[in-house]
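This is run.tsv (TSV, C-alpha atoms).
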chain	number	residue	atom	x	y	z
I	1	ILE	CA	-5.97	-2.24	-22.24
I	2	GLN	CA	-8.64	-1.49	-19.69
I	3	VAL	CA	-7.83	-2.57	-16.14
I	4	SER	CA	-10.31	-2.05	-13.34
I	5	VAL	CA	-9.52	-0.93	-9.81
I	6	GLU	CA	-10.90	-4.28	-8.68
I	7	GLU	CA	-8.36	-6.11	-10.86
I	8	ILE	CA	-5.50	-4.00	-9.53
I	9	ALA	CA	-6.60	-4.60	-5.95
I	10	GLY	CA	-6.80	-8.34	-6.61
I	11	ALA	CA	-3.33	-8.38	-8.13
I	12	CYS	CA	-2.04	-6.56	-5.03
I	13	TYR	CA	-3.89	-8.95	-2.69
I	14	THR	CA	-5.78	-6.11	-1.06
I	15	SER	CA	-9.31	-4.74	-0.98
I	16	VAL	CA	-10.50	-1.99	-3.30
I	17	SER	CA	-11.00	0.38	-0.38
I	18	SER	CA	-7.47	-0.27	0.94
I	19	LEU	CA	-5.98	0.26	-2.51
I	20	LYS	CA	-7.84	3.55	-2.93
I	21	ARG	CA	-6.78	4.76	0.52
I	22	ILE	CA	-3.12	3.80	0.05
I	23	PHE	CA	-2.96	5.26	-3.45
I	24	GLN	CA	-4.46	8.55	-2.26
I	25	LYS	CA	-2.03	8.68	0.66
I	26	TYR	CA	1.11	8.19	-1.42
I	27	ALA	CA	0.16	9.71	-4.77
I	28	GLY	CA	-1.84	12.62	-3.41
I	29	ILE	CA	-4.66	12.00	-5.91
I	30	SER	CA	-7.30	9.34	-6.33
I	31	ILE	CA	-6.58	6.28	-8.42
I	32	HIS	CA	-9.43	7.29	-10.75
I	33	LYS	CA	-7.96	10.76	-11.26
I	34	TYR	CA	-4.56	9.21	-11.97
I	35	ALA	CA	-6.09	6.84	-14.54
I	36	LEU	CA	-7.84	9.78	-16.19
I	37	MET	CA	-4.56	11.70	-16.34
I	38	LEU	CA	-2.90	8.74	-18.07
I	39	LYS	CA	-5.76	8.55	-20.57
I	40	ILE	CA	-5.55	12.29	-21.30
I	41	LYS	CA	-1.80	12.01	-21.83
I	42	ALA	CA	-2.28	9.10	-24.22
I	43	ALA	CA	-5.09	10.95	-26.00
I	44	THR	CA	-2.82	13.94	-26.57
I	45	GLU	CA	-0.22	11.68	-28.17
I	46	PHE	CA	-2.86	9.99	-30.32
I	47	LEU	CA	-4.26	13.32	-31.46
I	48	HIS	CA	-0.79	14.68	-32.23
I	49	HIS	CA	-0.20	11.67	-34.44
I	50	GLY	CA	-3.38	12.22	-36.44
I	51	MET	CA	-5.88	9.94	-34.71
I	52	SER	CA	-9.43	11.23	-34.85
I	53	VAL	CA	-11.22	12.34	-31.71
I	54	THR	CA	-13.73	9.52	-32.15
I	55	GLN	CA	-10.99	6.91	-32.49
I	56	ALA	CA	-9.11	8.22	-29.45
I	57	ALA	CA	-12.28	8.13	-27.34
I	58	GLU	CA	-12.99	4.57	-28.43
I	59	VAL	CA	-9.43	3.28	-27.95
I	60	LEU	CA	-9.24	4.80	-24.47
I	61	GLY	CA	-12.54	3.28	-23.37
I	62	PHE	CA	-14.68	6.39	-23.01
I	63	SER	CA	-18.41	5.77	-23.23
I	64	SER	CA	-18.87	8.42	-25.91
I	65	GLN	CA	-16.98	11.01	-27.88
I	66	ALA	CA	-18.91	13.76	-26.10
I	67	TYR	CA	-17.88	12.49	-22.66
I	68	PHE	CA	-14.27	12.14	-23.82
I	69	SER	CA	-14.27	15.68	-25.20
I	70	ALA	CA	-15.75	17.07	-21.97
I	71	CYS	CA	-13.14	15.26	-19.83
I	72	TYR	CA	-10.31	16.32	-22.12
I	73	LYS	CA	-11.38	19.97	-22.05
I	74	ARG	CA	-11.88	19.93	-18.26
I	75	GLU	CA	-8.38	18.50	-17.72
I	76	THR	CA	-6.40	20.45	-20.34
I	77	GLY	CA	-8.41	23.58	-21.06
I	78	LEU	CA	-8.43	22.66	-24.76
I	79	SER	CA	-10.88	20.66	-26.79
I	80	PRO	CA	-9.43	17.57	-28.48
I	81	THR	CA	-10.46	19.07	-31.82
I	82	ASP	CA	-8.32	22.14	-31.08
I	83	VAL	CA	-5.33	19.88	-30.39
I	84	ARG	CA	-5.78	18.14	-33.74
I	85	LYS	CA	-6.11	21.48	-35.58
I	86	LYS	CA	-2.90	22.82	-34.04
I	87	GLU	CA	-0.96	19.82	-35.31
I	88	LYS	CA	-2.04	20.38	-38.91
I	89	TYR	CA	-0.29	23.75	-39.18
Go ahead and express the file in the form of structure tokens.
Amino acid sequence: IQVSVEEIAGACYTSVSSLKRIFQKYAGISIHKYALMLKIKAATEFLHHGMSVTQAAEVLGFSSQAYFSACYKRETGLSPTDVRKKEKY
């Protein structure tokens, strides 16, 4: 399920800028960074359970497999392909 920051702000009866400011203040990271962390965590689970890199990227709403792989590697230090390979052994 893809939920936008605008939808979250609307559900909280606040503006997008207020939501971003409050989230940063209390979480210590941006709402976008937090969402990316959740996606990376889900991707790791998907990959551990045998989902392909392409499927994980698609399910998580990334614009392309290449962008997903770049984000995954930047956040974890591993490529998603490496994660899948480790699970096979």
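Between CA of Phe46 (chain I) and CA of Val83 (chain I) the separation is 10.2 Å.
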Once 3 Å is added on each side, what are the centre and the three edge lengths, in Å to one decimal, of the axis-aligned box enclosing the listed atoms of region 10-25 of chain I? Present them as AutoDock Vina command-line options.
--center_x -6.5 --center_y -0.1 --center_z -3.6 --size_x 15.0 --size_y 23.6 --size_z 15.1
> Of the candidates I:Thr44, I:Thr54, I:Ser63, I:Gln2, which shows the shortest atom-to-atom distance to Arg84 (chain I), using all atoms listed in the file?
Replying inline: I:Thr44
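Distances here use all atoms listed in the file; by that measure, the residue among I:Lys20, I:His49, I:Lys25, I:Arg74 closest to Met37 (chain I) is I:Arg74.
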>> Counting only C-alpha atoms, I want the residues whose atoms come within 12 Å of (-2.1, 15.9, -32.0) in the file frame, returned as a PyMOL selection string.
In response: chain I and resi 40-53+56+78-89
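Straight-line separation from CA of Leu36 (chain I) to CA of Tyr13 (chain I): 23.4 Å.
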> For Lys39 (chain I), which residue out of I:Gln65, I:Gly10, I:Leu60, I:Thr76 is the nearest one, using all atoms listed in the file?
Replying inline: I:Leu60
> Leaving out Ser4 (chain I) and any residue of its chain fewer than 6 positions from it, which residues lie within 12 Å of it when counting only C-alpha atoms, given as a PyMOL selection string?
Replying inline: chain I and resi 10-11+16+19+31-32+35+61
